[in-house]
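Structure first, then comments.
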Amino acid sequence: MKHFVLGLLVFLSIIAVSCTDNDSSLGFGIQPPSDIISFTADTFHVATDTMLVDHIYAMPDSFLLGNYYNETFGSTRADIFAQLKAPVNFKFPDGARPDSAKIIISYYSWFGDSNSPMRISIYEMKGTPFSFTGLYPSNINVNDYADFTKPLASQVVVAKDTERGDSTLIMFDLSSTFVTNFFNESAYASDAAFFNFFKGLYITTDFGTSTMLSIANIRLNYYYSYDILDGTTTRTHTVSFPANREVRQVNRIEHSNRDVIKSGEEKSYVASPANVFTRVKIPLRKMAEKMKNDVDNNKLVLNSALLQVEVADYEPSNLTLKPSRYMLLIKESTLKNNYERSKIPTSANDTASIYAEYLERLDFNGDTIRAYPFNLSMLIATELKNAEQNNQELPETLDMVLLPFVPDYTSAVTQNISWAKHMVLMSGATIKGGANADSPMRIRTVYSGF
């Protein structure tokens, strides 16, 4: 029976790895069955710990706005700084006169309690205008850019009760003084001229700790009127100033009480936005020594190395943070350089980034297993190969970081990632760590010598 189980494991691992191992240049990969001399299966435990994240750099497609408290991860508060795109060289028609102005915020969903009130307040920005290519951290200093002496609008809203059109809208009427000041053609001469005239919006919430809005669109609509037909008919036109991809927005994220996060070896945590990651220490040197010893100095072939990151303590509900759909496992040493500008390694020899999708399945007892399955065979094989070719000693551990992310694909067939962005939407997962008593995080390997 023991030989049958081992044989079945080897067969399945060959199938799994042969589907992903398409780089024959590695030298550590699948070989034809006729070349295989011996198989060995082994399990290696990893060490884990929780990393608190001070900030991220992100240019997201959507933004969070609000304040939400979770007993596991603490408070998350999200504000928005947004430049507006002016219609360059716009001219008001003869006889035009200012009418009114509105700031319109649309959102496509919310997280938390949709019946809980929250007050949204909007201020003008100050200071040096944002640079489109500049790096602005998620913990940007509010006092450097928000002009609290220039409030624009404020309104108490309940997420489920706001006006509905093509999307869910919140509209803020602006003062007559603001309307008069914006009737200024010289400010629309260029982007630079407009940013010096009006630097942007700071949007925040003053109270409420139960709701987070996922903002899809922000714009300022300016309305002006003019008479036609000898003054007998009045028409009103709209000039739109959107916060779009041609200008810069920054989602400010604040976590004021992360001391509630209970870091330990048995459990670790992963949450977004800009909250906590998990460090995974792979015992690389120990693995290499054990595998090479087992194959008795024959050519080592790593057939499979599967890491299952299991989610613990998750009970789905509308008020529970959900695990991110995707997790990235990336070398800690490359995290800053490769991820600061929403990039990941793309070199064929750089396996610094491996991703997995969240899956749920039933075990033999009918219990639900929630996990992210990672195939580390390419990663480990590349590390062994590079150390051998460069005549270098392997590090004691290969330190990786587990974090939520948003992917894009070069091909829907191969599922190759072309870039990765930090996840800005709300997510959270408790991870069974390397010292978990129930199911410790570990790497299951199958390797052979020939």
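Simple scheme: letters A, B, ... for chains in structure tokens order, numbers from 1 for residues in each chain, numbers from 1 for ligands in the order shown.
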With 12 Å as the cut-off and only C-alpha atoms counted, what is the closest atom pair between each nearby residue of segment 130-182 of chain A and segment 237-248 of chain A? Distances in Å to one decimal, ordered by chain and number, as JSON lines.
```
{"residue": "A:Phe130", "atom": "CA", "partner": "A:Arg248", "partner_atom": "CA", "distance": 6.6}
{"residue": "A:Ser131", "atom": "CA", "partner": "A:Arg248", "partner_atom": "CA", "distance": 7.2}
{"residue": "A:Phe132", "atom": "CA", "partner": "A:Arg248", "partner_atom": "CA", "distance": 5.3}
{"residue": "A:Thr133", "atom": "CA", "partner": "A:Arg248", "partner_atom": "CA", "distance": 8.4}
{"residue": "A:Gly134", "atom": "CA", "partner": "A:Arg248", "partner_atom": "CA", "distance": 9.0}
{"residue": "A:Leu135", "atom": "CA", "partner": "A:Arg248", "partner_atom": "CA", "distance": 10.4}
{"residue": "A:Tyr136", "atom": "CA", "partner": "A:Arg248", "partner_atom": "CA", "distance": 9.9}
{"residue": "A:Phe182", "atom": "CA", "partner": "A:Val239", "partner_atom": "CA", "distance": 10.9}
```
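Taking only C-alpha atoms, the non-local environment of Thr445 of chain A within 8 Å (same-chain residues fewer than 5 positions away omitted) comprises Ala41, Asp42, Thr43, Phe44, Leu302, Asn303, Ser304, Ala305 and Leu306 of chain A.
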For the residues in that selection, give me C-alpha atoms as a PDB file, in the first residue's frame.
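As written to disk, again_13.pdb reads:
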```pdb
ATOM      1  CA  ALA A  41       8.824  12.367  -1.408  1.00  0.00           C
ATOM      2  CA  ASP A  42       9.476  14.677   1.523  1.00  0.00           C
ATOM      3  CA  THR A  43       7.931  17.525   3.456  1.00  0.00           C
ATOM      4  CA  PHE A  44       9.730  20.680   4.593  1.00  0.00           C
ATOM      5  CA  LEU A 302      12.839  18.504  -8.570  1.00  0.00           C
ATOM      6  CA  ASN A 303       9.582  17.087  -9.854  1.00  0.00           C
ATOM      7  CA  SER A 304       7.224  18.972  -7.574  1.00  0.00           C
ATOM      8  CA  ALA A 305       7.292  21.495  -4.724  1.00  0.00           C
ATOM      9  CA  LEU A 306       3.807  22.441  -3.596  1.00  0.00           C
TER      10      LEU A 306
END
```
Find the spatial neighbours of segment 201-217 of chain A, counting only C-alpha atoms, within a cut-off of 7 Å - ignore same-chain residues fewer than 5 positions away - and output them as a ChimeraX atom specification.
-> /A:62-69,79-83,105-114,116-125,146
Could you turn the residues from that selection into a file that holds N, CA and C atoms, as a short mmCIF file (atom, residue, chain, number, x, y, z; two decimals), in the first residue's frame?
```cif
data_model
loop_
_atom_site.label_atom_id
_atom_site.label_comp_id
_atom_site.auth_asym_id
_atom_site.auth_seq_id
_atom_site.Cartn_x
_atom_site.Cartn_y
_atom_site.Cartn_z
N SER A 62 -9.55 52.24 -8.91
CA SER A 62 -10.65 52.66 -8.05
C SER A 62 -10.07 53.01 -6.68
N PHE A 63 -10.85 53.72 -5.88
CA PHE A 63 -10.34 54.25 -4.62
C PHE A 63 -11.29 53.93 -3.48
N LEU A 64 -10.72 53.82 -2.29
CA LEU A 64 -11.53 53.63 -1.09
C LEU A 64 -11.77 54.97 -0.42
N LEU A 65 -12.96 55.11 0.17
CA LEU A 65 -13.28 56.29 0.94
C LEU A 65 -14.14 55.87 2.12
N GLY A 66 -13.66 56.17 3.33
CA GLY A 66 -14.44 55.85 4.50
C GLY A 66 -13.57 55.41 5.66
N ASN A 67 -14.22 54.80 6.64
CA ASN A 67 -13.54 54.35 7.85
C ASN A 67 -14.22 53.05 8.28
N TYR A 68 -13.40 52.02 8.49
CA TYR A 68 -13.97 50.72 8.86
C TYR A 68 -13.11 50.08 9.94
N TYR A 69 -13.79 49.53 10.95
CA TYR A 69 -13.08 48.85 12.04
C TYR A 69 -13.34 47.36 11.98
N ASP A 79 -8.79 58.18 2.60
CA ASP A 79 -9.10 59.50 2.04
C ASP A 79 -8.57 59.56 0.61
N ILE A 80 -8.98 60.59 -0.12
CA ILE A 80 -8.59 60.70 -1.52
C ILE A 80 -8.08 62.11 -1.82
N PHE A 81 -6.90 62.18 -2.45
CA PHE A 81 -6.42 63.41 -3.08
C PHE A 81 -6.61 63.24 -4.58
N ALA A 82 -7.22 64.22 -5.23
CA ALA A 82 -7.52 64.06 -6.66
C ALA A 82 -7.31 65.36 -7.41
N GLN A 83 -6.41 65.34 -8.40
CA GLN A 83 -6.34 66.43 -9.35
C GLN A 83 -7.51 66.31 -10.34
N ILE A 105 -19.46 62.36 -7.02
CA ILE A 105 -18.69 61.16 -6.69
C ILE A 105 -19.57 59.95 -6.96
N SER A 106 -19.09 59.05 -7.79
CA SER A 106 -19.84 57.82 -8.06
C SER A 106 -19.08 56.63 -7.49
N TYR A 107 -19.82 55.67 -6.98
CA TYR A 107 -19.20 54.47 -6.44
C TYR A 107 -20.00 53.25 -6.87
N TYR A 108 -19.29 52.14 -7.06
CA TYR A 108 -19.93 50.95 -7.59
C TYR A 108 -20.26 49.92 -6.53
N SER A 109 -19.71 50.06 -5.33
CA SER A 109 -20.03 49.12 -4.26
C SER A 109 -19.59 49.73 -2.94
N TRP A 110 -19.96 49.06 -1.87
CA TRP A 110 -19.50 49.46 -0.55
C TRP A 110 -19.20 48.22 0.26
N PHE A 111 -18.41 48.41 1.30
CA PHE A 111 -18.09 47.31 2.20
C PHE A 111 -18.51 47.73 3.60
N GLY A 112 -19.16 46.82 4.31
CA GLY A 112 -19.56 47.10 5.67
C GLY A 112 -21.06 47.25 5.80
N ASP A 113 -21.48 48.20 6.64
CA ASP A 113 -22.88 48.40 6.97
C ASP A 113 -23.45 49.49 6.08
N SER A 114 -24.32 49.11 5.15
CA SER A 114 -24.87 50.07 4.21
C SER A 114 -25.88 51.02 4.86
N SER A 116 -25.27 52.50 7.86
CA SER A 116 -24.54 53.35 8.80
C SER A 116 -24.23 54.70 8.15
N PRO A 117 -24.56 55.83 8.81
CA PRO A 117 -24.28 57.14 8.22
C PRO A 117 -22.79 57.47 8.25
N MET A 118 -22.38 58.23 7.27
CA MET A 118 -21.01 58.73 7.22
C MET A 118 -21.04 60.13 6.63
N ARG A 119 -20.19 61.00 7.11
CA ARG A 119 -20.14 62.37 6.58
C ARG A 119 -18.91 62.53 5.70
N ILE A 120 -19.15 62.94 4.47
CA ILE A 120 -18.06 63.18 3.51
C ILE A 120 -17.82 64.68 3.44
N SER A 121 -16.57 65.08 3.62
CA SER A 121 -16.20 66.49 3.54
C SER A 121 -15.13 66.66 2.47
N ILE A 122 -15.21 67.78 1.75
CA ILE A 122 -14.30 68.04 0.63
C ILE A 122 -13.62 69.39 0.84
N TYR A 123 -12.30 69.41 0.63
CA TYR A 123 -11.50 70.62 0.77
C TYR A 123 -10.65 70.81 -0.48
N GLU A 124 -10.17 72.03 -0.66
CA GLU A 124 -9.19 72.28 -1.72
C GLU A 124 -7.83 71.74 -1.30
N MET A 125 -7.03 71.39 -2.29
CA MET A 125 -5.64 71.02 -2.02
C MET A 125 -4.76 72.26 -2.03
N ALA A 146 -3.65 69.24 2.14
CA ALA A 146 -5.06 69.60 2.35
C ALA A 146 -5.15 70.99 2.97
#
```
Return as a count of residues only the full set of residues in segment 290-346 of chain A whose backbone-based DSSP assignment is strand (DSSP E or B).
-> 19
From atom CA of Asn221 of chain A to atom CA of Val179 of chain A the spacing works out at 10.5 Å
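In this comparison, which uses only C-alpha atoms, the residue of A:Gly428, A:Gly74, A:Pro87, A:Pro404 approaching Ala187 of chain A most closely is A:Pro87.
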Shell of 9 Å around His255 of chain A, only C-alpha atoms, local chain residues under 3 positions omitted, as number ranges by chain = A: 54, 73-77, 258, 274-275
Written selection (N, CA and C atoms) as a PDB file, in the first residue's frame:
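Resulting contents of part31.pdb:
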```
ATOM      1  N   ASP A  54       4.000  49.941   6.360  1.00  0.00           N
ATOM      2  CA  ASP A  54       3.803  51.368   6.604  1.00  0.00           C
ATOM      3  C   ASP A  54       3.034  52.042   5.472  1.00  0.00           C
ATOM      4  N   PHE A  73      -8.058  43.154  12.359  1.00  0.00           N
ATOM      5  CA  PHE A  73      -7.079  43.970  11.658  1.00  0.00           C
ATOM      6  C   PHE A  73      -7.081  45.430  12.098  1.00  0.00           C
ATOM      7  N   GLY A  74      -7.990  45.818  12.976  1.00  0.00           N
ATOM      8  CA  GLY A  74      -8.025  47.196  13.442  1.00  0.00           C
ATOM      9  C   GLY A  74      -8.779  48.111  12.495  1.00  0.00           C
ATOM     10  N   SER A  75      -8.470  49.404  12.579  1.00  0.00           N
ATOM     11  CA  SER A  75      -9.170  50.419  11.785  1.00  0.00           C
ATOM     12  C   SER A  75      -8.457  50.673  10.459  1.00  0.00           C
ATOM     13  N   THR A  76      -9.258  50.889   9.441  1.00  0.00           N
ATOM     14  CA  THR A  76      -8.744  51.333   8.145  1.00  0.00           C
ATOM     15  C   THR A  76      -9.496  52.597   7.763  1.00  0.00           C
ATOM     16  N   ARG A  77      -8.753  53.665   7.558  1.00  0.00           N
ATOM     17  CA  ARG A  77      -9.357  54.918   7.111  1.00  0.00           C
ATOM     18  C   ARG A  77      -8.765  55.284   5.761  1.00  0.00           C
ATOM     19  N   ARG A 258      -3.181  49.308  14.746  1.00  0.00           N
ATOM     20  CA  ARG A 258      -2.805  47.975  14.283  1.00  0.00           C
ATOM     21  C   ARG A 258      -2.230  47.107  15.394  1.00  0.00           C
ATOM     22  N   ALA A 274      -2.621  48.386   2.166  1.00  0.00           N
ATOM     23  CA  ALA A 274      -1.447  48.894   2.894  1.00  0.00           C
ATOM     24  C   ALA A 274      -1.503  48.538   4.365  1.00  0.00           C
ATOM     25  N   ASN A 275      -1.718  47.278   4.661  1.00  0.00           N
ATOM     26  CA  ASN A 275      -1.927  46.902   6.050  1.00  0.00           C
ATOM     27  C   ASN A 275      -0.884  45.899   6.516  1.00  0.00           C
TER      28      ASN A 275
END
```
Atom CA of Ala86 of chain A and atom CA of Phe194 of chain A are how many Å apart?
-> 6.7 Å
What's the 8 Å shell around segment 430-441 of chain A, counting only C-alpha atoms, without same-chain residues fewer than 5 positions away, as a PyMOL selection string?
-> chain A and resi 45-49+265-270+307-314
Saved selection, atoms kept: N, CA and C atoms, as a JSON list (two decimals), in the first residue's frame:
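Wrote it out as again-v3.json, contents follow:
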```json
[["chain", "number", "residue", "atom", "x", "y", "z"],
["A", 45, "HIS", "N", 9.03, 22.04, 6.45],
["A", 45, "HIS", "CA", 8.25, 23.08, 7.11],
["A", 45, "HIS", "C", 8.91, 24.44, 6.90],
["A", 46, "VAL", "N", 8.09, 25.47, 6.81],
["A", 46, "VAL", "CA", 8.57, 26.83, 6.63],
["A", 46, "VAL", "C", 8.28, 27.63, 7.90],
["A", 47, "ALA", "N", 8.98, 28.73, 8.06],
["A", 47, "ALA", "CA", 8.72, 29.65, 9.18],
["A", 47, "ALA", "C", 7.99, 30.87, 8.64],
["A", 48, "THR", "N", 7.07, 31.40, 9.41],
["A", 48, "THR", "CA", 6.28, 32.55, 8.98],
["A", 48, "THR", "C", 6.21, 33.60, 10.09],
["A", 49, "ASP", "N", 6.02, 34.83, 9.69],
["A", 49, "ASP", "CA", 5.73, 35.91, 10.63],
["A", 49, "ASP", "C", 5.01, 37.02, 9.90],
["A", 265, "GLU", "N", 3.78, 32.83, 15.58],
["A", 265, "GLU", "CA", 4.26, 31.81, 14.65],
["A", 265, "GLU", "C", 3.15, 30.87, 14.20],
["A", 266, "GLU", "N", 2.09, 30.75, 15.01],
["A", 266, "GLU", "CA", 1.03, 29.82, 14.65],
["A", 266, "GLU", "C", 0.08, 30.40, 13.61],
["A", 267, "LYS", "N", -0.12, 31.71, 13.67],
["A", 267, "LYS", "CA", -0.97, 32.38, 12.69],
["A", 267, "LYS", "C", -0.27, 33.65, 12.23],
["A", 268, "SER", "N", -0.49, 33.97, 10.97],
["A", 268, "SER", "CA", -0.03, 35.25, 10.46],
["A", 268, "SER", "C", -1.17, 35.86, 9.66],
["A", 269, "TYR", "N", -0.94, 37.07, 9.12],
["A", 269, "TYR", "CA", -2.05, 37.81, 8.54],
["A", 269, "TYR", "C", -1.65, 38.46, 7.23],
["A", 270, "VAL", "N", -2.64, 38.57, 6.35],
["A", 270, "VAL", "CA", -2.48, 39.29, 5.09],
["A", 270, "VAL", "C", -3.73, 40.13, 4.89],
["A", 307, "LEU", "N", 3.35, 24.32, -2.17],
["A", 307, "LEU", "CA", 3.11, 25.04, -0.92],
["A", 307, "LEU", "C", 1.64, 25.44, -0.88],
["A", 308, "GLN", "N", 0.94, 24.96, 0.14],
["A", 308, "GLN", "CA", -0.46, 25.32, 0.30],
["A", 308, "GLN", "C", -0.60, 26.30, 1.45],
["A", 309, "VAL", "N", -1.00, 27.53, 1.12],
["A", 309, "VAL", "CA", -1.21, 28.56, 2.12],
["A", 309, "VAL", "C", -2.67, 28.50, 2.54],
["A", 310, "GLU", "N", -2.93, 28.00, 3.73],
["A", 310, "GLU", "CA", -4.29, 27.78, 4.18],
["A", 310, "GLU", "C", -4.83, 28.98, 4.96],
["A", 311, "VAL", "N", -6.10, 29.28, 4.71],
["A", 311, "VAL", "CA", -6.80, 30.36, 5.40],
["A", 311, "VAL", "C", -7.53, 29.80, 6.61],
["A", 312, "ALA", "N", -7.39, 30.46, 7.74],
["A", 312, "ALA", "CA", -8.03, 30.01, 8.98],
["A", 312, "ALA", "C", -9.05, 31.03, 9.46],
["A", 313, "ASP", "N", -9.96, 30.57, 10.33],
["A", 313, "ASP", "CA", -10.88, 31.46, 11.06],
["A", 313, "ASP", "C", -11.71, 32.34, 10.14],
["A", 314, "TYR", "N", -12.17, 31.80, 9.02],
["A", 314, "TYR", "CA", -12.97, 32.61, 8.09],
["A", 314, "TYR", "C", -14.40, 32.11, 8.05]]
```
Spatial neighbours of Pro283 of chain A, 7 Å, only C-alpha atoms, chain gap at least 6 places, as a PyMOL selection string | chain A and resi 46+396-398
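As for atom CA of Ala371 of chain A and atom CA of Leu359 of chain A, they are spaced 5.6 Å apart.
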Picked from segment 260-341 of chain A by DSSP as alpha helix (DSSP H), as an NGL selection string = :A and (284-294 or 335-339)
Non-local contacts of Val424 of chain A (7 Å; only C-alpha atoms; under 5 positions in same chain excluded) as a PyMOL selection string = chain A and resi 60+272-273
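Nearest residue to Tyr57 of chain A, choosing from A:Thr334, A:Lys299, A:Gln249, A:Asp363 and counting only C-alpha atoms: A:Gln249.
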